[in-house]
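S.K.: Structure file run-v4.csv (CSV, C-alpha atoms) is given on the next line.
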chain,number,residue,atom,x,y,z
A,1,ALA,CA,58.1,71.0,242.1
A,2,ARG,CA,58.7,69.4,245.4
A,3,PRO,CA,58.6,65.5,245.6
A,4,ASP,CA,55.6,65.8,248.1
A,5,ALA,CA,53.7,67.7,245.3
A,6,GLN,CA,53.2,70.7,247.5
A,7,LEU,CA,54.0,74.3,246.7
A,8,GLU,CA,56.7,75.9,248.9
A,9,TRP,CA,56.3,79.7,249.2
A,10,GLN,CA,59.4,81.6,250.1
A,11,LEU,CA,58.5,85.2,250.9
A,12,ARG,CA,60.6,88.3,251.6
A,13,ASN,CA,59.6,91.4,253.6
A,14,ALA,CA,62.1,93.6,251.8
A,15,ASN,CA,63.2,94.2,248.2
A,16,THR,CA,66.8,93.1,249.0
A,17,PRO,CA,68.8,89.9,248.7
A,18,GLY,CA,68.7,87.5,251.6
A,19,THR,CA,66.9,84.6,253.1
A,20,PRO,CA,63.1,84.3,253.0
A,21,ASP,CA,61.2,85.8,255.9
A,22,VAL,CA,58.4,83.3,255.4
A,23,VAL,CA,58.6,79.7,254.2
A,24,VAL,CA,55.4,77.9,254.1
A,25,ARG,CA,53.9,74.9,252.1
A,26,PHE,CA,50.4,75.5,250.8
A,27,GLY,CA,48.6,74.2,247.7
A,28,GLY,CA,49.6,71.6,245.1
A,29,THR,CA,52.1,72.0,242.4
A,30,SER,CA,49.4,71.6,239.8
A,31,SER,CA,47.6,74.7,241.1
A,32,VAL,CA,48.0,78.3,240.0
A,33,PRO,CA,49.5,80.4,242.8
A,34,VAL,CA,47.6,83.6,243.6
A,35,THR,CA,48.1,86.4,246.1
A,36,GLY,CA,45.9,89.1,247.5
A,37,ASP,CA,44.5,90.8,250.6
A,38,TRP,CA,41.5,88.5,250.9
A,39,ASP,CA,40.1,89.9,254.1
A,40,GLY,CA,41.0,93.6,253.7
A,41,ASN,CA,43.4,93.8,256.6
A,42,GLY,CA,46.2,95.3,254.6
A,43,THR,CA,48.4,92.2,254.4
A,44,THR,CA,48.9,90.2,251.2
A,45,THR,CA,48.6,86.5,251.7
A,46,ILE,CA,48.7,83.3,249.6
A,47,GLY,CA,46.2,81.2,247.8
A,48,VAL,CA,45.8,78.7,244.9
A,49,ALA,CA,43.4,78.1,242.1
A,50,PHE,CA,43.0,74.7,240.5
A,51,ALA,CA,40.8,72.6,238.2
A,52,ARG,CA,38.2,70.6,240.1
A,53,PRO,CA,36.8,67.3,238.9
A,54,ASP,CA,33.4,68.9,238.4
A,55,GLY,CA,34.7,71.3,235.8
A,56,GLN,CA,34.9,74.4,238.0
A,57,VAL,CA,37.8,76.4,239.2
A,58,GLY,CA,38.5,75.7,242.9
A,59,TRP,CA,40.0,78.5,245.1
A,60,HIS,CA,41.8,77.9,248.4
A,61,LEU,CA,42.7,81.2,250.0
A,62,LYS,CA,44.7,81.9,253.2
A,63,ASN,CA,44.2,85.0,255.4
A,64,ASP,CA,47.7,84.5,256.8
A,65,ASN,CA,51.0,83.2,255.6
A,66,PHE,CA,51.2,80.2,257.9
A,67,PRO,CA,50.6,76.5,257.3
A,68,GLY,CA,47.1,75.3,257.8
A,69,ARG,CA,43.8,74.9,256.2
A,70,PRO,CA,42.5,77.5,253.8
A,71,ASP,CA,40.3,80.2,255.3
A,72,VAL,CA,38.3,80.5,252.0
A,73,VAL,CA,37.2,77.5,250.0
A,74,VAL,CA,35.0,78.3,247.0
A,75,ALA,CA,34.3,77.1,243.4
A,76,TYR,CA,34.1,79.9,240.8
A,77,GLY,CA,34.7,79.8,237.1
A,78,GLY,CA,35.1,77.0,234.5
A,79,THR,CA,38.2,75.0,234.0
A,80,ASN,CA,38.8,76.6,230.6
A,81,SER,CA,39.2,79.9,232.4
A,82,VAL,CA,42.3,81.7,233.6
A,83,PRO,CA,42.1,82.7,237.3
A,84,VAL,CA,42.5,86.5,237.9
A,85,THR,CA,42.4,88.5,241.1
A,86,GLY,CA,41.9,92.1,242.0
A,87,ASP,CA,40.1,94.8,244.0
A,88,TRP,CA,37.3,95.2,241.4
A,89,ASP,CA,35.1,97.6,243.5
A,90,GLY,CA,37.7,99.6,245.3
A,91,ASN,CA,36.9,98.4,248.8
A,92,ARG,CA,40.6,97.4,249.5
A,93,THR,CA,39.8,93.7,249.5
A,94,THR,CA,41.1,91.4,246.8
A,95,THR,CA,38.6,89.1,245.2
A,96,ILE,CA,38.4,86.4,242.6
A,97,GLY,CA,37.6,86.3,238.9
A,98,VAL,CA,38.2,84.4,235.7
A,99,ALA,CA,39.0,85.3,232.1
A,100,PHE,CA,38.2,83.0,229.2
A,101,ALA,CA,38.0,82.9,225.4
A,102,ARG,CA,34.6,83.9,224.0
A,103,SER,CA,33.2,82.6,220.7
A,104,ASP,CA,33.6,86.1,219.2
A,105,HIS,CA,37.4,85.9,219.8
A,106,GLN,CA,37.4,88.4,222.6
A,107,VAL,CA,38.4,87.7,226.2
A,108,GLY,CA,35.5,87.5,228.6
A,109,TRP,CA,36.0,88.6,232.2
A,110,HIS,CA,33.7,87.4,235.0
A,111,LEU,CA,34.7,89.1,238.2
A,112,ARG,CA,33.3,88.7,241.8
A,113,ASN,CA,33.3,91.5,244.5
A,114,ALA,CA,33.3,88.8,247.2
A,115,ASN,CA,35.3,85.6,247.7
A,116,SER,CA,32.2,83.4,247.4
A,117,ALA,CA,30.3,81.5,244.7
A,118,GLY,CA,27.6,83.3,242.7
A,119,PRO,CA,27.0,85.1,239.5
A,120,PRO,CA,29.7,87.6,238.4
A,121,ASP,CA,29.3,91.2,239.7
A,122,VAL,CA,31.2,92.3,236.5
A,123,ALA,CA,30.9,90.6,233.1
A,124,VAL,CA,32.7,92.3,230.4
A,125,ALA,CA,34.6,91.6,227.1
A,126,TYR,CA,38.0,93.2,226.7
A,127,GLY,CA,41.0,92.1,224.7
A,128,GLY,CA,41.5,89.6,222.0
A,129,VAL,CA,42.2,85.9,222.4
A,130,ASP,CA,45.4,86.5,220.4
A,131,ALA,CA,46.9,88.4,223.4
A,132,PHE,CA,50.3,87.3,224.6
A,133,ALA,CA,49.0,87.6,228.2
A,134,ILE,CA,46.3,89.2,230.2
A,135,VAL,CA,46.9,91.4,233.2
A,136,THR,CA,45.0,93.3,235.9
A,137,GLY,CA,45.9,96.4,237.9
A,138,ASP,CA,44.9,99.9,239.1
A,139,TRP,CA,46.2,101.6,236.0
A,140,ASP,CA,44.9,105.1,236.9
A,141,GLY,CA,45.3,105.1,240.7
A,142,ASN,CA,41.5,105.3,241.5
A,143,GLY,CA,41.6,102.4,243.9
A,144,SER,CA,39.9,99.8,241.6
A,145,ASP,CA,41.7,97.1,239.5
A,146,THR,CA,40.7,96.7,235.8
A,147,PRO,CA,41.6,94.5,232.9
A,148,GLY,CA,44.5,94.8,230.5
A,149,ALA,CA,45.9,92.8,227.6
A,150,VAL,CA,49.5,92.5,226.2
A,151,TYR,CA,50.2,91.7,222.6
A,152,GLU,CA,53.2,90.9,220.4
A,153,ARG,CA,53.8,94.0,218.2
A,154,SER,CA,56.9,94.6,216.0
A,155,GLY,CA,59.2,92.5,218.1
A,156,GLU,CA,58.2,93.8,221.5
A,157,LEU,CA,55.3,93.6,224.0
A,158,GLN,CA,52.6,96.2,223.6
A,159,TRP,CA,50.4,96.8,226.7
A,160,GLN,CA,46.8,97.9,226.2
A,161,LEU,CA,45.2,98.8,229.5
A,162,ARG,CA,41.7,99.9,230.3
A,163,ASP,CA,40.8,102.2,233.2
A,164,ALA,CA,37.3,100.7,233.7
A,165,ALA,CA,35.9,97.2,233.7
A,166,THR,CA,33.7,98.1,230.7
A,167,PRO,CA,33.9,97.4,226.9
A,168,GLY,CA,35.8,100.0,224.9
A,169,LEU,CA,39.2,101.1,223.6
A,170,PRO,CA,42.3,100.9,225.8
A,171,ASP,CA,43.2,104.0,227.8
A,172,HIS,CA,46.9,103.3,227.8
A,173,VAL,CA,48.8,101.8,224.9
A,174,PHE,CA,52.6,101.5,225.0
A,175,GLY,CA,55.5,99.1,224.3
A,176,TYR,CA,57.5,97.6,227.1
A,177,GLY,CA,59.5,94.4,227.4
A,178,GLY,CA,60.8,91.8,225.0
A,179,LEU,CA,59.1,88.7,223.5
A,180,ASP,CA,61.6,86.5,225.5
A,181,ALA,CA,60.1,87.6,228.8
A,182,GLY,CA,59.4,84.7,231.1
A,183,ALA,CA,56.6,86.4,233.1
A,184,LEU,CA,54.7,89.7,233.1
A,185,VAL,CA,53.8,91.4,236.3
A,186,ALA,CA,52.3,94.7,237.4
A,187,GLY,CA,52.3,96.6,240.7
A,188,ASP,CA,52.6,99.9,242.5
A,189,TRP,CA,56.4,99.9,242.6
A,190,ASP,CA,56.8,103.4,244.0
A,191,GLY,CA,53.8,103.8,246.3
A,192,ASN,CA,52.1,106.5,244.3
A,193,GLY,CA,48.8,104.5,243.9
A,194,THR,CA,49.2,103.7,240.2
A,195,TRP,CA,50.1,100.3,238.9
A,196,THR,CA,52.7,100.0,236.2
A,197,PRO,CA,54.3,97.1,234.2
A,198,GLY,CA,57.2,94.8,234.8
A,199,VAL,CA,58.8,91.9,233.1
A,200,ALA,CA,60.9,89.0,234.4
A,201,TYR,CA,63.4,87.1,232.3
Before anything else, please render the file you have as structure tokens.
M.R.:
Amino acid sequence: ARPDAQLEWQLRNANTPGTPDVVVRFGGTSSVPVTGDWDGNGTTTIGVAFARPDGQVGWHLKNDNFPGRPDVVVAYGGTNSVPVTGDWDGNRTTTIGVAFARSDHQVGWHLRNANSAGPPDVAVAYGGVDAFAIVTGDWDGNGSDTPGAVYERSGELQWQLRDAATPGLPDHVFGYGGLDAGALVAGDWDGNGTWTPGVAY
């Protein structure tokens, strides 16, 4: 954390060593960093989600990677929620959502198809609250992001991914990564349209 309590983003335009191509301060260090193509222009930009005093999740999203005020300011989700982002309807725009523990010990997902306040466009239960982590991605390459859950199983991480934002059994179940992983990520690493897992240690 920086002494001025701001997040400093250091972004690279290539998957190679070197100095950052973009260095920008945006958001507070108590916020959750998020990224996405908020306006559908094909460029991934920065944002933050944070707990507001009124008990909601506040979202501040930028449509460029430069200093300045957020382009999107919205409240969506409760403070006991985990912020998630994805292209839930396949329109090539990243939008907001939250995941939270339900009383039946499942993970509830409330997803919006616009970066605005309002009722969820998708409300679904998927995954258990005993999950090691939750993830989102386009697991089948159809253009829409959907939920996933990762569990501790027999000394490794087991990924259980669903191809639709609907209740049901996972479409993909496999082991990948160790329990000492510091972070789990997912992305289209080879440009074939399908998201796959990654771990950082």
S.K.: Could you check the closest approach to A:Val129 for each of A:Asn142, A:Val22, A:Ala117, A:Gln106 and tell me which residue wins, using only C-alpha atoms?
M.R.: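 Looking at the shortest contact to A:Val129, the residue is A:Gln106.
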S.K.: I'd like to know which of A:Trp38, A:Phe132, A:Trp139, A:Trp195 is closest to A:Gly178, using only C-alpha atoms.
M.R.: A:Phe132
S.K.: Let me make sure I understand: among A:Val24, A:Arg92, A:Leu157, A:Lys62, which one has the smallest atom-to-atom distance to A:Leu11 if we use all atoms listed in the file?
M.R.: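 The shortest atom-to-atom distance to A:Leu11 comes from A:Val24.
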S.K.: What does the distance between atom CA of A:Val72 and atom CA of A:Phe26 come to in Å, to one decimal place?
M.R.: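 According to the coordinates, atom CA of A:Val72 and atom CA of A:Phe26 are separated by 13.1 Å.
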S.K.: What does the structure give for the distance between atom CA of A:Asn113 and atom CA of A:Ala183, in Å to one decimal?
M.R.: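 Computed distance, atom CA of A:Asn113 to atom CA of A:Ala183, equals 26.4 Å.
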S.K.: Find the residues near stretch 120-123 of chain A: any atom within 12 Å, counting only C-alpha atoms, skip ones fewer than 4 places away on the same chain, and give them as number ranges by chain.
M.R.: A: 76-77, 87-89, 95-100, 102, 107-116, 145-147, 164-167
S.K.: Excluding A:Trp9 and any residue of its chain fewer than 3 positions from it, enumerate the residues within 12 Å of it, using all atoms listed in the file, and give them as a list of chain:residue names.
M.R.: A:Ala1, A:Arg2, A:Gln6, A:Arg12, A:Pro20, A:Asp21, A:Val22, A:Val23, A:Val24, A:Arg25, A:Phe26, A:Gly27, A:Gly28, A:Thr29, A:Pro33, A:Val34, A:Thr35, A:Thr45, A:Ile46, A:Gly47, A:Val48, A:Asn65, A:Phe66, A:Pro67
S.K.: Rounded to one decimal in Å, what is the spacing between atom CA of A:Gly187 and atom CA of A:Gly141?
M.R.: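 Atom-to-atom, atom CA of A:Gly187 to atom CA of A:Gly141, that is 11.0 Å.
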S.K.: Could you give me, as a PyMOL selection string, the residues that sit within 10 Å of (50.6, 95.4, 237.4) in the file's coordinates, counting all atoms listed in the file?
M.R.: chain A and resi 135-139+145+148+184-189+194-199
S.K.: Can you tell me, as a ChimeraX atom specification, what residues are no more than 9 Å from A:Gly128 when counting all atoms listed in the file, ignoring any on the same chain fewer than 2 positions away?
M.R.: /A:101,105-107,125-126,130-131,149,151
S.K.: For A:Tyr176, which residue out of A:Thr94, A:Asn192, A:Ser81, A:Ser154 is the nearest one, using all atoms listed in the file?
M.R.: A:Ser154
S.K.: Using all atoms listed in the file, find the one residue out of A:Gly182, A:Gly90, A:Gly168, A:Gly118 that sits nearest to A:Ala133.
M.R.: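 Counting all atoms listed in the file, the residue closest to A:Ala133 is A:Gly182.
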S.K.: Using all atoms listed in the file, can you tell me which of A:Val32, A:Arg162, A:Gly68, A:Val124 comes closest to A:Val82?
M.R.: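 The answer is A:Val32, which sits nearest to A:Val82.
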S.K.: Identify the residues around (44.8, 102.2, 228.7) within a radius of 8 Å, measuring from all atoms listed in the file in the coordinates stated by the file, and give them as number ranges by chain.
M.R.: A: 139, 148, 160-163, 169-173
